[in-house]
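> Contents of query.pdb (PDB, C-alpha atoms and all ligand atoms) are below:
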```
MODEL        1
ATOM      1  CA  MET D 140      -6.266  18.618  19.086
ATOM      2  CA  SER D 141      -3.092  17.219  17.660
ATOM      3  CA  SER D 142      -2.787  13.537  16.723
ATOM      4  CA  THR D 143      -1.609  11.504  19.649
ATOM      5  CA  GLN D 144       1.999  10.300  19.787
ATOM      6  CA  GLY D 145       2.409   6.561  19.247
ATOM      7  CA  SER D 146       4.002   5.862  22.597
ATOM      8  CA  GLU D 147       1.175   7.447  24.617
ATOM      9  CA  LYS D 148      -1.913   6.306  22.801
ATOM     10  CA  GLN D 149      -4.038   3.212  23.344
ATOM     11  CA  PHE D 150      -5.338   1.909  20.033
ATOM     12  CA  THR D 151      -8.523  -0.046  19.450
ATOM     13  CA  ASN D 152      -7.703  -3.212  17.565
ATOM     14  CA  PRO D 153     -10.038  -5.257  15.338
ATOM     15  CA  ALA D 154     -11.113  -8.661  16.750
ATOM     16  CA  ASN D 155      -8.350 -11.307  16.749
ATOM     17  CA  TYR D 156      -5.774  -8.755  15.623
ATOM     18  CA  SER D 157      -2.076  -9.185  16.131
ATOM     19  CA  PHE D 158       0.574  -6.940  14.613
ATOM     20  CA  PRO D 159       2.522  -8.862  11.946
ATOM     21  CA  HIS D 160       6.276  -8.644  12.423
ATOM     22  CA  HIS D 161       7.570 -12.018  11.182
ATOM     23  CA  ARG D 162       9.653 -10.362   8.458
ATOM     24  CA  LEU D 163      10.852  -7.380  10.444
ATOM     25  CA  ASN D 164      14.637  -7.226  10.622
ATOM     26  CA  ARG D 165      15.111  -6.944  14.394
ATOM     27  CA  ILE D 166      18.923  -6.642  14.248
ATOM     28  CA  MET D 167      20.348  -3.861  12.115
ATOM     29  CA  ARG D 168      23.068  -4.587   9.596
ATOM     30  CA  ASP D 169      24.791  -1.224  10.010
ATOM     31  CA  SER D 170      24.607   0.350  13.466
ATOM     32  CA  SER D 171      25.589   3.787  12.154
ATOM     33  CA  LYS D 172      22.288   4.078  10.285
ATOM     34  CA  THR D 173      18.729   5.005  11.280
ATOM     35  CA  PRO D 174      16.281   2.073  11.156
ATOM     36  CA  VAL D 175      13.214   2.844   9.041
ATOM     37  CA  VAL D 176       9.944   1.014   8.391
ATOM     38  CA  LEU D 177       8.070   1.945   5.203
ATOM     39  CA  VAL D 178       4.277   2.114   5.318
ATOM     40  CA  ALA D 179       2.184   2.373   2.141
ATOM     41  CA  CYS D 180      -1.461   3.270   2.739
ATOM     42  CA  GLY D 181      -3.978   2.774  -0.066
ATOM     43  CA  SER D 182      -6.904   0.875  -1.499
ATOM     44  CA  PHE D 183      -4.927  -1.915  -3.186
ATOM     45  CA  SER D 184      -8.018  -2.932  -5.122
ATOM     46  CA  PRO D 185      -6.276  -4.915  -6.442
ATOM     47  CA  VAL D 186      -2.593  -4.766  -5.466
ATOM     48  CA  THR D 187      -0.302  -4.504  -8.527
ATOM     49  CA  TYR D 188       3.395  -5.074  -9.182
ATOM     50  CA  LEU D 189       3.817  -1.309  -9.090
ATOM     51  CA  HIS D 190       2.657  -1.158  -5.465
ATOM     52  CA  LEU D 191       5.271  -3.769  -4.576
ATOM     53  CA  ARG D 192       7.930  -2.135  -6.711
ATOM     54  CA  MET D 193       7.512   1.159  -4.816
ATOM     55  CA  PHE D 194       9.131  -0.538  -1.817
ATOM     56  CA  GLU D 195      12.107  -1.776  -3.839
ATOM     57  CA  MET D 196      12.601   1.702  -5.322
ATOM     58  CA  ALA D 197      12.507   3.263  -1.854
ATOM     59  CA  ARG D 198      14.987   0.719  -0.495
ATOM     60  CA  ASP D 199      17.416   1.370  -3.363
ATOM     61  CA  TYR D 200      17.020   5.111  -2.851
ATOM     62  CA  CYS D 201      17.809   4.758   0.869
ATOM     63  CA  ARG D 202      20.890   2.639   0.241
ATOM     64  CA  HIS D 203      22.355   5.139  -2.189
ATOM     65  CA  ASN D 204      21.204   8.518  -0.891
ATOM     66  CA  THR D 205      20.507   8.398   2.835
ATOM     67  CA  ASP D 206      21.720   7.056   6.161
ATOM     68  CA  PHE D 207      18.483   5.083   6.602
ATOM     69  CA  GLU D 208      18.401   1.313   6.862
ATOM     70  CA  ILE D 209      15.064  -0.205   5.861
ATOM     71  CA  VAL D 210      14.170  -2.865   8.423
ATOM     72  CA  GLY D 211      10.657  -3.638   7.169
ATOM     73  CA  GLY D 212       7.876  -2.679   4.801
ATOM     74  CA  TYR D 213       4.096  -2.776   5.246
ATOM     75  CA  LEU D 214       1.083  -2.383   3.004
ATOM     76  CA  SER D 215      -1.865  -1.059   4.977
ATOM     77  CA  PRO D 216      -5.117  -1.497   3.023
ATOM     78  CA  VAL D 217      -7.725   1.137   3.811
ATOM     79  CA  SER D 218     -11.030   0.394   5.615
ATOM     80  CA  ASP D 219     -14.201  -0.534   3.718
ATOM     81  CA  GLN D 220     -15.624   2.749   4.968
ATOM     82  CA  TYR D 221     -13.285   4.689   2.635
ATOM     83  CA  VAL D 222     -15.584   5.732  -0.174
ATOM     84  CA  LYS D 223     -13.987   5.017  -3.507
ATOM     85  CA  PRO D 224     -15.248   3.408  -6.739
ATOM     86  CA  GLY D 225     -14.046  -0.159  -7.271
ATOM     87  CA  LEU D 226     -13.161  -0.716  -3.608
ATOM     88  CA  LEU D 227     -13.583  -4.435  -3.003
ATOM     89  CA  SER D 228     -14.180  -5.773   0.518
ATOM     90  CA  ALA D 229     -11.296  -5.524   2.982
ATOM     91  CA  GLU D 230     -11.349  -9.302   3.214
ATOM     92  CA  HIS D 231     -10.480  -9.727  -0.481
ATOM     93  CA  ARG D 232      -8.009  -6.820  -0.551
ATOM     94  CA  VAL D 233      -6.077  -8.039   2.489
ATOM     95  CA  LYS D 234      -6.038 -11.568   1.071
ATOM     96  CA  MET D 235      -4.711 -10.355  -2.309
ATOM     97  CA  CYS D 236      -2.013  -8.210  -0.671
ATOM     98  CA  THR D 237      -0.975 -11.159   1.504
ATOM     99  CA  LEU D 238      -0.744 -13.478  -1.505
ATOM    100  CA  ALA D 239       1.269 -10.838  -3.363
ATOM    101  CA  ALA D 240       3.769 -10.307  -0.552
ATOM    102  CA  GLU D 241       4.136 -14.021   0.222
ATOM    103  CA  ASP D 242       4.557 -14.842  -3.453
ATOM    104  CA  THR D 243       7.090 -12.193  -4.385
ATOM    105  CA  SER D 244       8.945 -10.763  -1.402
ATOM    106  CA  SER D 245      11.039 -11.717   1.597
ATOM    107  CA  TRP D 246      10.521  -8.496   3.559
ATOM    108  CA  LEU D 247       7.055  -7.080   2.859
ATOM    109  CA  MET D 248       4.154  -7.590   5.277
ATOM    110  CA  ILE D 249       0.459  -6.711   5.327
ATOM    111  CA  ASP D 250      -1.041  -5.012   8.352
ATOM    112  CA  PRO D 251      -4.840  -5.584   8.477
ATOM    113  CA  TRP D 252      -5.355  -3.183  11.421
ATOM    114  CA  GLU D 253      -6.719  -0.340   9.297
ATOM    115  CA  ALA D 254      -8.695  -2.558   6.917
ATOM    116  CA  PHE D 255     -10.880  -4.322   9.484
ATOM    117  CA  GLN D 256     -12.299  -1.362  11.348
ATOM    118  CA  SER D 257     -13.759   2.112  10.901
ATOM    119  CA  TYR D 258     -11.878   4.566   8.670
ATOM    120  CA  GLN D 259      -8.599   5.740  10.206
ATOM    121  CA  ARG D 260      -6.727   8.822   9.006
ATOM    122  CA  THR D 261      -3.194   8.253   7.757
ATOM    123  CA  ALA D 262      -1.735  10.217  10.701
ATOM    124  CA  VAL D 263      -3.433   7.757  13.078
ATOM    125  CA  VAL D 264      -2.261   4.765  11.022
ATOM    126  CA  LEU D 265       1.352   5.931  11.302
ATOM    127  CA  ASP D 266       0.896   6.426  15.063
ATOM    128  CA  HIS D 267      -0.378   2.855  15.276
ATOM    129  CA  PHE D 268       2.785   1.583  13.537
ATOM    130  CA  ASP D 269       4.979   3.695  15.789
ATOM    131  CA  TYR D 270       3.192   2.286  18.841
ATOM    132  CA  GLU D 271       3.426  -1.358  17.724
ATOM    133  CA  LEU D 272       7.036  -1.110  16.592
ATOM    134  CA  ASN D 273       8.508   1.012  19.365
ATOM    135  CA  THR D 274       6.241   0.728  22.402
ATOM    136  CA  VAL D 275       5.047  -2.884  22.072
ATOM    137  CA  LEU D 276       7.979  -4.541  20.277
ATOM    138  CA  GLY D 277      10.628  -2.245  21.738
ATOM    139  CA  GLY D 278      12.212  -1.192  18.451
ATOM    140  CA  VAL D 279      15.255  -2.966  16.980
ATOM    141  CA  GLN D 280      18.820  -3.612  18.074
ATOM    142  CA  THR D 281      22.217  -2.721  16.715
ATOM    143  CA  GLN D 282      24.853  -5.416  16.105
ATOM    144  CA  ASP D 283      26.252  -4.812  19.603
ATOM    145  CA  GLY D 284      22.841  -5.130  21.288
ATOM    146  CA  LYS D 285      21.947  -1.440  21.688
ATOM    147  CA  HIS D 286      18.292  -0.455  21.442
ATOM    148  CA  ARG D 287      17.123   1.754  18.569
ATOM    149  CA  ASN D 288      13.693   3.223  17.977
ATOM    150  CA  VAL D 289      12.373   2.592  14.484
ATOM    151  CA  ARG D 290      11.429   5.571  12.388
ATOM    152  CA  VAL D 291       8.096   5.061  10.606
ATOM    153  CA  MET D 292       7.863   6.721   7.180
ATOM    154  CA  LEU D 293       5.043   6.984   4.649
ATOM    155  CA  LEU D 294       5.574   5.600   1.156
ATOM    156  CA  ALA D 295       3.269   7.044  -1.508
ATOM    157  CA  GLY D 296       2.906   7.905  -5.172
ATOM    158  CA  SER D 297       3.023  11.522  -6.283
ATOM    159  CA  ASP D 298      -0.732  11.517  -7.001
ATOM    160  CA  LEU D 299      -1.431  10.896  -3.323
ATOM    161  CA  ILE D 300       0.989  13.617  -2.276
ATOM    162  CA  GLY D 301      -0.734  15.912  -4.799
ATOM    163  CA  THR D 302      -3.962  15.534  -2.819
ATOM    164  CA  MET D 303      -2.184  17.027   0.202
ATOM    165  CA  SER D 304      -2.492  20.438  -1.446
ATOM    166  CA  GLU D 305      -6.182  20.006  -2.251
ATOM    167  CA  PRO D 306      -8.391  21.916   0.155
ATOM    168  CA  GLY D 307     -10.317  19.837   2.678
ATOM    169  CA  VAL D 308      -8.618  16.477   2.044
ATOM    170  CA  TRP D 309      -5.956  16.603   4.765
ATOM    171  CA  SER D 310      -5.903  18.794   7.866
ATOM    172  CA  HIS D 311      -2.864  20.994   8.444
ATOM    173  CA  GLU D 312      -2.329  19.260  11.792
ATOM    174  CA  ASP D 313      -2.265  15.846  10.153
ATOM    175  CA  LEU D 314       0.141  17.021   7.457
ATOM    176  CA  ASP D 315       2.417  18.433  10.118
ATOM    177  CA  HIS D 316       2.226  15.147  11.985
ATOM    178  CA  ILE D 317       2.826  12.956   8.911
ATOM    179  CA  LEU D 318       5.488  15.054   7.207
ATOM    180  CA  GLY D 319       6.987  16.806  10.222
ATOM    181  CA  ARG D 320       7.159  13.945  12.701
ATOM    182  CA  TYR D 321       7.450  10.930  10.372
ATOM    183  CA  GLY D 322       8.426  12.004   6.828
ATOM    184  CA  CYS D 323       7.756  10.337   3.514
ATOM    185  CA  PHE D 324       9.075   8.882   0.293
ATOM    186  CA  ILE D 325       7.269   9.926  -2.873
ATOM    187  CA  ILE D 326       7.400   7.803  -5.988
ATOM    188  CA  GLU D 327       7.095   9.870  -9.136
ATOM    189  CA  ARG D 328       3.972   8.938 -11.103
ATOM    190  CA  ALA D 329       3.144   9.790 -14.711
ATOM    191  CA  GLY D 330       0.435  12.455 -14.900
ATOM    192  CA  THR D 331       1.431  14.278 -11.693
ATOM    193  CA  ASP D 332       3.763  17.270 -11.766
ATOM    194  CA  ILE D 333       5.975  16.554  -8.776
ATOM    195  CA  ASP D 334       6.983  20.208  -8.243
ATOM    196  CA  GLN D 335       3.363  21.275  -8.251
ATOM    197  CA  ALA D 336       2.432  18.363  -5.970
ATOM    198  CA  THR D 337       5.045  19.355  -3.376
ATOM    199  CA  ASP D 338       4.900  23.151  -3.773
ATOM    200  CA  ASN D 339       2.727  23.683  -0.723
ATOM    201  CA  LEU D 340       4.702  21.202   1.359
ATOM    202  CA  ALA D 341       7.962  23.188   1.267
ATOM    203  CA  ARG D 342       8.114  23.663   5.059
ATOM    204  CA  TRP D 343       8.577  19.881   5.444
ATOM    205  CA  LYS D 344      11.017  19.610   2.524
ATOM    206  CA  HIS D 345      13.777  18.138   4.723
ATOM    207  CA  ASN D 346      11.507  15.137   5.462
ATOM    208  CA  ILE D 347      10.225  14.548   1.913
ATOM    209  CA  HIS D 348      12.274  12.272  -0.328
ATOM    210  CA  ILE D 349      11.374  12.236  -4.000
ATOM    211  CA  ILE D 350      12.198   9.105  -5.968
ATOM    212  CA  SER D 351      12.215   9.136  -9.769
ATOM    213  CA  GLN D 352      10.927   6.144 -11.675
ATOM    214  CA  LEU D 353      13.864   5.198 -13.899
ATOM    215  CA  ILE D 354      11.698   2.691 -15.727
ATOM    216  CA  GLN D 355       8.324   4.271 -16.320
ATOM    217  CA  ASN D 356       5.480   2.043 -15.176
ATOM    218  CA  ASP D 357       1.989   3.385 -14.875
ATOM    219  CA  VAL D 358       0.047   0.296 -13.987
ATOM    220  CA  SER D 359      -2.878   1.353 -11.828
ATOM    221  CA  SER D 360      -5.606  -0.568 -10.034
ATOM    222  CA  THR D 361      -8.175   1.391 -12.057
ATOM    223  CA  LYS D 362      -6.703   0.121 -15.337
ATOM    224  CA  VAL D 363      -6.538  -3.427 -13.985
ATOM    225  CA  ARG D 364     -10.217  -3.276 -12.974
ATOM    226  CA  LEU D 365     -11.114  -1.935 -16.423
ATOM    227  CA  PHE D 366      -9.243  -4.791 -18.135
ATOM    228  CA  LEU D 367     -11.024  -7.341 -15.954
ATOM    229  CA  ARG D 368     -14.440  -5.853 -16.713
ATOM    230  CA  ARG D 369     -13.652  -6.090 -20.417
ATOM    231  CA  GLY D 370     -12.512  -9.687 -20.110
ATOM    232  CA  LEU D 371      -8.855  -8.790 -20.902
ATOM    233  CA  SER D 372      -5.890 -10.547 -19.340
ATOM    234  CA  VAL D 373      -4.087  -8.889 -16.416
ATOM    235  CA  ARG D 374      -1.430 -11.571 -16.117
ATOM    236  CA  TYR D 375       2.099 -10.139 -15.599
ATOM    237  CA  LEU D 376       0.649  -6.875 -14.280
ATOM    238  CA  LEU D 377      -0.007  -8.485 -10.895
ATOM    239  CA  PRO D 378       1.604 -11.428  -9.102
ATOM    240  CA  SER D 379       0.220 -14.663 -10.538
ATOM    241  CA  ALA D 380      -1.190 -15.766  -7.165
ATOM    242  CA  VAL D 381      -3.318 -12.589  -7.180
ATOM    243  CA  VAL D 382      -4.476 -13.152 -10.776
ATOM    244  CA  ASP D 383      -5.475 -16.718  -9.842
ATOM    245  CA  TYR D 384      -7.339 -15.475  -6.762
ATOM    246  CA  ILE D 385      -9.245 -12.870  -8.836
ATOM    247  CA  GLU D 386     -10.216 -15.519 -11.388
ATOM    248  CA  GLN D 387     -11.220 -18.098  -8.795
ATOM    249  CA  ASN D 388     -13.444 -15.588  -7.004
ATOM    250  CA  ASN D 389     -14.775 -13.838 -10.115
ATOM    251  CA  LEU D 390     -13.677 -10.481  -8.743
ATOM    252  CA  TYR D 391     -14.113  -7.135 -10.512
ATOM    253  CA  VAL D 392     -16.367  -8.728 -13.090
ATOM    254  CA  ASP D 393     -19.827  -7.226 -13.219
ATOM    255  CA  GLU D 394     -22.985  -9.331 -12.984
ATOM    256  CA  ALA D 395     -23.693  -9.256 -16.729
ATOM    257  CA  THR D 396     -20.196 -10.533 -17.526
ATOM    258  CA  ILE D 397     -20.431 -13.307 -14.950
ATOM    259  CA  ALA D 398     -23.708 -14.514 -16.524
ATOM    260  CA  GLU D 399     -22.158 -14.300 -19.997
ATOM    261  CA  LYS D 400     -19.100 -16.271 -18.847
ATOM    262  CA  GLU D 401     -21.340 -18.962 -17.358
ATOM    263  CA  ARG D 402     -23.308 -19.221 -20.627
ATOM    264  CA  GLU D 403     -20.007 -19.477 -22.538
ATOM    265  CA  ARG D 404     -18.791 -22.231 -20.208
ATOM    266  CA  GLU D 405     -22.046 -24.142 -20.557
ATOM    267  CA  SER D 406     -22.029 -23.852 -24.345
ATOM    268  CA  LEU D 407     -18.375 -24.952 -24.464
ATOM    269  CA  THR D 408     -19.160 -28.117 -22.532
ATOM    270  CA  ARG D 409     -22.192 -28.841 -24.782
ATOM    271  CA  GLU D 410     -20.565 -27.893 -28.123
ATOM    272  CA  PRO D 411     -18.371 -30.968 -28.850
ATOM    273  CA  LYS D 412     -21.354 -33.343 -28.443
ATOM    274  CA  LYS D 413     -23.404 -31.313 -30.948
ATOM    275  CA  LYS D 414     -20.538 -31.361 -33.472
ATOM    276  CA  VAL D 415     -20.079 -35.096 -33.146
ATOM    277  CA  ALA D 416     -23.795 -35.590 -33.663
ATOM    278  CA  ALA D 417     -23.767 -33.409 -36.798
TER     279      ALA D 417
HETATM  280  N1  LIG Q   1       1.943   3.583 -11.095
HETATM  281  C1  LIG Q   1       2.188   4.145  -9.907
HETATM  282  N2  LIG Q   1       3.252   4.980  -9.741
HETATM  283  C2  LIG Q   1       3.507   5.549  -8.536
HETATM  284  N3  LIG Q   1       2.749   5.344  -7.435
HETATM  285  C3  LIG Q   1       1.699   4.520  -7.525
HETATM  286  C4  LIG Q   1       1.359   3.863  -8.758
HETATM  287  N4  LIG Q   1       0.262   3.081  -8.548
HETATM  288  C5  LIG Q   1      -0.082   3.279  -7.259
HETATM  289  N5  LIG Q   1       0.757   4.129  -6.642
HETATM  290  C6  LIG Q   1       0.690   4.573  -5.245
HETATM  291  O1  LIG Q   1       0.359   3.459  -4.424
HETATM  292  C7  LIG Q   1      -0.389   3.892  -3.291
HETATM  293  C8  LIG Q   1      -1.650   3.078  -3.138
HETATM  294  O2  LIG Q   1      -2.353   3.286  -4.309
HETATM  295  P1  LIG Q   1      -3.816   2.841  -4.635
HETATM  296  O3  LIG Q   1      -4.187   1.627  -3.913
HETATM  297  O4  LIG Q   1      -4.707   3.999  -4.581
HETATM  298  O5  LIG Q   1      -3.516   2.387  -6.142
HETATM  299  P2  LIG Q   1      -3.968   3.050  -7.469
HETATM  300  O6  LIG Q   1      -3.412   2.183  -8.532
HETATM  301  O7  LIG Q   1      -3.653   4.504  -7.510
HETATM  302  O8  LIG Q   1      -5.544   2.845  -7.283
HETATM  303  P3  LIG Q   1      -6.768   3.372  -8.126
HETATM  304  O9  LIG Q   1      -6.391   3.228  -9.566
HETATM  305  O10 LIG Q   1      -7.855   2.469  -7.652
HETATM  306  O11 LIG Q   1      -6.938   4.816  -7.727
HETATM  307  C9  LIG Q   1      -0.663   5.388  -3.504
HETATM  308  O12 LIG Q   1       0.283   6.116  -2.754
HETATM  309  C10 LIG Q   1      -0.412   5.577  -4.983
HETATM  310  O13 LIG Q   1       0.030   6.889  -5.264
HETATM  311  N1  LIG Q   2      -6.692  12.929   5.780
HETATM  312  C1  LIG Q   2      -6.175  11.746   5.570
HETATM  313  O1  LIG Q   2      -5.648  11.085   6.440
HETATM  314  C2  LIG Q   2      -6.257  11.191   4.184
HETATM  315  C3  LIG Q   2      -6.783  11.911   3.113
HETATM  316  C4  LIG Q   2      -6.812  11.311   1.858
HETATM  317  C5  LIG Q   2      -6.337  10.027   1.679
HETATM  318  N2  LIG Q   2      -5.809   9.363   2.742
HETATM  319  C6  LIG Q   2      -5.296   8.003   2.605
HETATM  320  O2  LIG Q   2      -4.594   7.852   1.417
HETATM  321  C7  LIG Q   2      -4.869   6.593   0.834
HETATM  322  C8  LIG Q   2      -5.488   6.893  -0.506
HETATM  323  O3  LIG Q   2      -5.667   5.773  -1.197
HETATM  324  P1  LIG Q   2      -6.217   5.894  -2.684
HETATM  325  O4  LIG Q   2      -5.079   6.477  -3.495
HETATM  326  O5  LIG Q   2      -6.538   4.486  -3.037
HETATM  327  O6  LIG Q   2      -7.414   6.798  -2.655
HETATM  328  C9  LIG Q   2      -5.818   5.874   1.783
HETATM  329  O7  LIG Q   2      -5.054   5.051   2.630
HETATM  330  C10 LIG Q   2      -6.434   7.011   2.587
HETATM  331  O8  LIG Q   2      -6.772   6.656   3.925
HETATM  332  C11 LIG Q   2      -5.766   9.903   3.964
ENDMDL
END
```
Starting from the file, lay out its structure as structure tokens.

Amino acid sequence: MSSTQGSEKQFTNPANYSFPHHRLNRIMRDSSKTPVVLVACGSFSPVTYLHLRMFEMARDYCRHNTDFEIVGGYLSPVSDQYVKPGLLSAEHRVKMCTLAAEDTSSWLMIDPWEAFQSYQRTAVVLDHFDYELNTVLGGVQTQDGKHRNVRVMLLAGSDLIGTMSEPGVWSHEDLDHILGRYGCFIIERAGTDIDQATDNLARWKHNIHIISQLIQNDVSSTKVRLFLRRGLSVRYLLPSAVVDYIEQNNLYVDEATIAEKERERESLTREPKKKVAA
């Protein structure tokens, strides 16, 4: 059974869900172009500057190399049911992504649809975006009021695209749906050979856009979590509102470290009195 087309399918929404579109550019700047919405699917545990930067890189790439006009960008955090080490609750991940986008961007949005329900395959997530953008919202308009359907495209790092050639991770049908119907932008990532990662995807080559990182940046959520566990600073690797949120909620710090931090805090508040007394 092939994945259902966005315009035909009814999607089950989480409770109290509404599709965010407050930053979507509903009127195109250049009517000769194709309107595109970028969708990055991932854990975002936690979201880093690199995740946000992927969108800026893709927008620059589109301006200079394609006839696409980016009219919006979404981060879609994966469901809690996605089994992965270090995956914090959807509640925290959506909150951190929202703080990050609000704090740093004028065009990025967070869609919590995927996060607050059972696991949804990426092909289905893209269908959901297509449905919300084109069927529910009715797409966008050109300067002279003509209707245009928005093209949804996946934005991902080369490590994720590399998994598309690993047996059993993605079905052929889903790959055909994602890369054939929608298309994607791949951000080069240190440690992944981009030619190897895309070798098996040659039949969809016309829909795969590879973007080099001109300034190498290999911040990853795994490294950020490791720093936090070791009590090292992660400031300037993530938006400051996200760092503050992590600190306030003691996130990614294991039980032993929390207890140690509490002991430290207690001893710090007691220490000056002892010194004075001595
Ligand atoms: N440094 C990076 N360069 C290029 N792409 C990246 C980078 N960091 C993350 N991405 C991409 O961002 C998307 C979401 O990533 P994800 O949430 O899994 O982050 P991550 O840093 O890879 O996480 P983790 O370290 O927990 O595996 C994926 O497509 C991933 O390839
Ligand atoms: N078959 C699929 O649809 C499929 C397979 C593997 C990963 N994914 C998606 O890719 C993303 C991977 O995120 P991570 O890089 O954090 O593991 C998630 O959004 C996940 O849902 C989808």
> For chain D versus ligand LIG 1 (chain Q), which residues have an atom no more than 7 Å away, and what is each residue's nearest atom pair and distance in Å rounded to one decimal, using only C-alpha atoms and all ligand atoms, chain-then-number order, as JSON lines?

```
{"residue": "D:Ala179", "atom": "CA", "partner": "Q:LIG1", "partner_atom": "C7", "distance": 6.2}
{"residue": "D:Cys180", "atom": "CA", "partner": "Q:LIG1", "partner_atom": "C8", "distance": 5.9}
{"residue": "D:Gly181", "atom": "CA", "partner": "Q:LIG1", "partner_atom": "C8", "distance": 3.9}
{"residue": "D:Ser182", "atom": "CA", "partner": "Q:LIG1", "partner_atom": "O3", "distance": 3.7}
{"residue": "D:Phe183", "atom": "CA", "partner": "Q:LIG1", "partner_atom": "O3", "distance": 3.7}
{"residue": "D:Ser184", "atom": "CA", "partner": "Q:LIG1", "partner_atom": "O10", "distance": 6.0}
{"residue": "D:Val186", "atom": "CA", "partner": "Q:LIG1", "partner_atom": "O3", "distance": 6.8}
{"residue": "D:Leu189", "atom": "CA", "partner": "Q:LIG1", "partner_atom": "N1", "distance": 5.6}
{"residue": "D:His190", "atom": "CA", "partner": "Q:LIG1", "partner_atom": "O1", "distance": 5.3}
{"residue": "D:Met193", "atom": "CA", "partner": "Q:LIG1", "partner_atom": "N3", "distance": 6.9}
{"residue": "D:Gly225", "atom": "CA", "partner": "Q:LIG1", "partner_atom": "O10", "distance": 6.7}
{"residue": "D:Leu294", "atom": "CA", "partner": "Q:LIG1", "partner_atom": "O12", "distance": 6.6}
{"residue": "D:Ala295", "atom": "CA", "partner": "Q:LIG1", "partner_atom": "O12", "distance": 3.4}
{"residue": "D:Gly296", "atom": "CA", "partner": "Q:LIG1", "partner_atom": "O13", "distance": 3.1}
{"residue": "D:Ser297", "atom": "CA", "partner": "Q:LIG1", "partner_atom": "O13", "distance": 5.6}
{"residue": "D:Asp298", "atom": "CA", "partner": "Q:LIG1", "partner_atom": "O13", "distance": 5.0}
{"residue": "D:Leu299", "atom": "CA", "partner": "Q:LIG1", "partner_atom": "O13", "distance": 4.7}
{"residue": "D:Ile326", "atom": "CA", "partner": "Q:LIG1", "partner_atom": "C2", "distance": 5.2}
{"residue": "D:Glu327", "atom": "CA", "partner": "Q:LIG1", "partner_atom": "C2", "distance": 5.6}
{"residue": "D:Arg328", "atom": "CA", "partner": "Q:LIG1", "partner_atom": "N2", "distance": 4.2}
{"residue": "D:Ala329", "atom": "CA", "partner": "Q:LIG1", "partner_atom": "N2", "distance": 6.9}
{"residue": "D:Asn356", "atom": "CA", "partner": "Q:LIG1", "partner_atom": "N1", "distance": 5.6}
{"residue": "D:Asp357", "atom": "CA", "partner": "Q:LIG1", "partner_atom": "N1", "distance": 3.8}
{"residue": "D:Val358", "atom": "CA", "partner": "Q:LIG1", "partner_atom": "N1", "distance": 4.8}
{"residue": "D:Ser359", "atom": "CA", "partner": "Q:LIG1", "partner_atom": "O6", "distance": 3.4}
{"residue": "D:Ser360", "atom": "CA", "partner": "Q:LIG1", "partner_atom": "O6", "distance": 3.8}
{"residue": "D:Thr361", "atom": "CA", "partner": "Q:LIG1", "partner_atom": "O9", "distance": 3.6}
{"residue": "D:Lys362", "atom": "CA", "partner": "Q:LIG1", "partner_atom": "O9", "distance": 6.6}
```
> Please check which protein, DNA or RNA residues sit within 7 Å of ligand LIG 2 (chain Q), counting all atoms listed in the file, and write them as a ChimeraX atom specification.
/D:180-183,216-217,221,223,259-262,299,302,308-310,313
> Let's have the selection written as an mmCIF file, in the frame of the given file, with C-alpha atoms.

```cif
data_model
loop_
_atom_site.group_PDB
_atom_site.id
_atom_site.type_symbol
_atom_site.label_atom_id
_atom_site.label_comp_id
_atom_site.auth_asym_id
_atom_site.auth_seq_id
_atom_site.Cartn_x
_atom_site.Cartn_y
_atom_site.Cartn_z
ATOM 1 C CA CYS D 180 -1.461 3.270 2.739
ATOM 2 C CA GLY D 181 -3.978 2.774 -0.066
ATOM 3 C CA SER D 182 -6.904 0.875 -1.499
ATOM 4 C CA PHE D 183 -4.927 -1.915 -3.186
ATOM 5 C CA PRO D 216 -5.117 -1.497 3.023
ATOM 6 C CA VAL D 217 -7.725 1.137 3.811
ATOM 7 C CA TYR D 221 -13.285 4.689 2.635
ATOM 8 C CA LYS D 223 -13.987 5.017 -3.507
ATOM 9 C CA GLN D 259 -8.599 5.740 10.206
ATOM 10 C CA ARG D 260 -6.727 8.822 9.006
ATOM 11 C CA THR D 261 -3.194 8.253 7.757
ATOM 12 C CA ALA D 262 -1.735 10.217 10.701
ATOM 13 C CA LEU D 299 -1.431 10.896 -3.323
ATOM 14 C CA THR D 302 -3.962 15.534 -2.819
ATOM 15 C CA VAL D 308 -8.618 16.477 2.044
ATOM 16 C CA TRP D 309 -5.956 16.603 4.765
ATOM 17 C CA SER D 310 -5.903 18.794 7.866
ATOM 18 C CA ASP D 313 -2.265 15.846 10.153
#
```
> Would you translate the PyMOL selection byres (((chain D and resi 319) around 12) and not hetatm) into the concrete set of residues it matches in this file, as a count of residues only?
24
> From the options D:Ala239, D:Val392, D:Ile333, D:Leu214, which residue's atoms come nearest to Phe194 in chain D, counting only C-alpha atoms?
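Selected residue with least distance to Phe194 in chain D: D:Leu214.
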> Any chance you could work out the residue set of the PyMOL selection byres (((chain D and resi 166) around 8) and not hetatm) here, as an mmCIF file with C-alpha atoms, keeping the file's coordinate frame?

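Now in selection_37.cif:
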```
data_model
loop_
_atom_site.group_PDB
_atom_site.id
_atom_site.type_symbol
_atom_site.label_atom_id
_atom_site.label_comp_id
_atom_site.auth_asym_id
_atom_site.auth_seq_id
_atom_site.Cartn_x
_atom_site.Cartn_y
_atom_site.Cartn_z
ATOM 1 C CA ASN D 164 14.637 -7.226 10.622
ATOM 2 C CA ARG D 165 15.111 -6.944 14.394
ATOM 3 C CA MET D 167 20.348 -3.861 12.115
ATOM 4 C CA ARG D 168 23.068 -4.587 9.596
ATOM 5 C CA VAL D 279 15.255 -2.966 16.980
ATOM 6 C CA GLN D 280 18.820 -3.612 18.074
ATOM 7 C CA THR D 281 22.217 -2.721 16.715
ATOM 8 C CA GLN D 282 24.853 -5.416 16.105
#
```
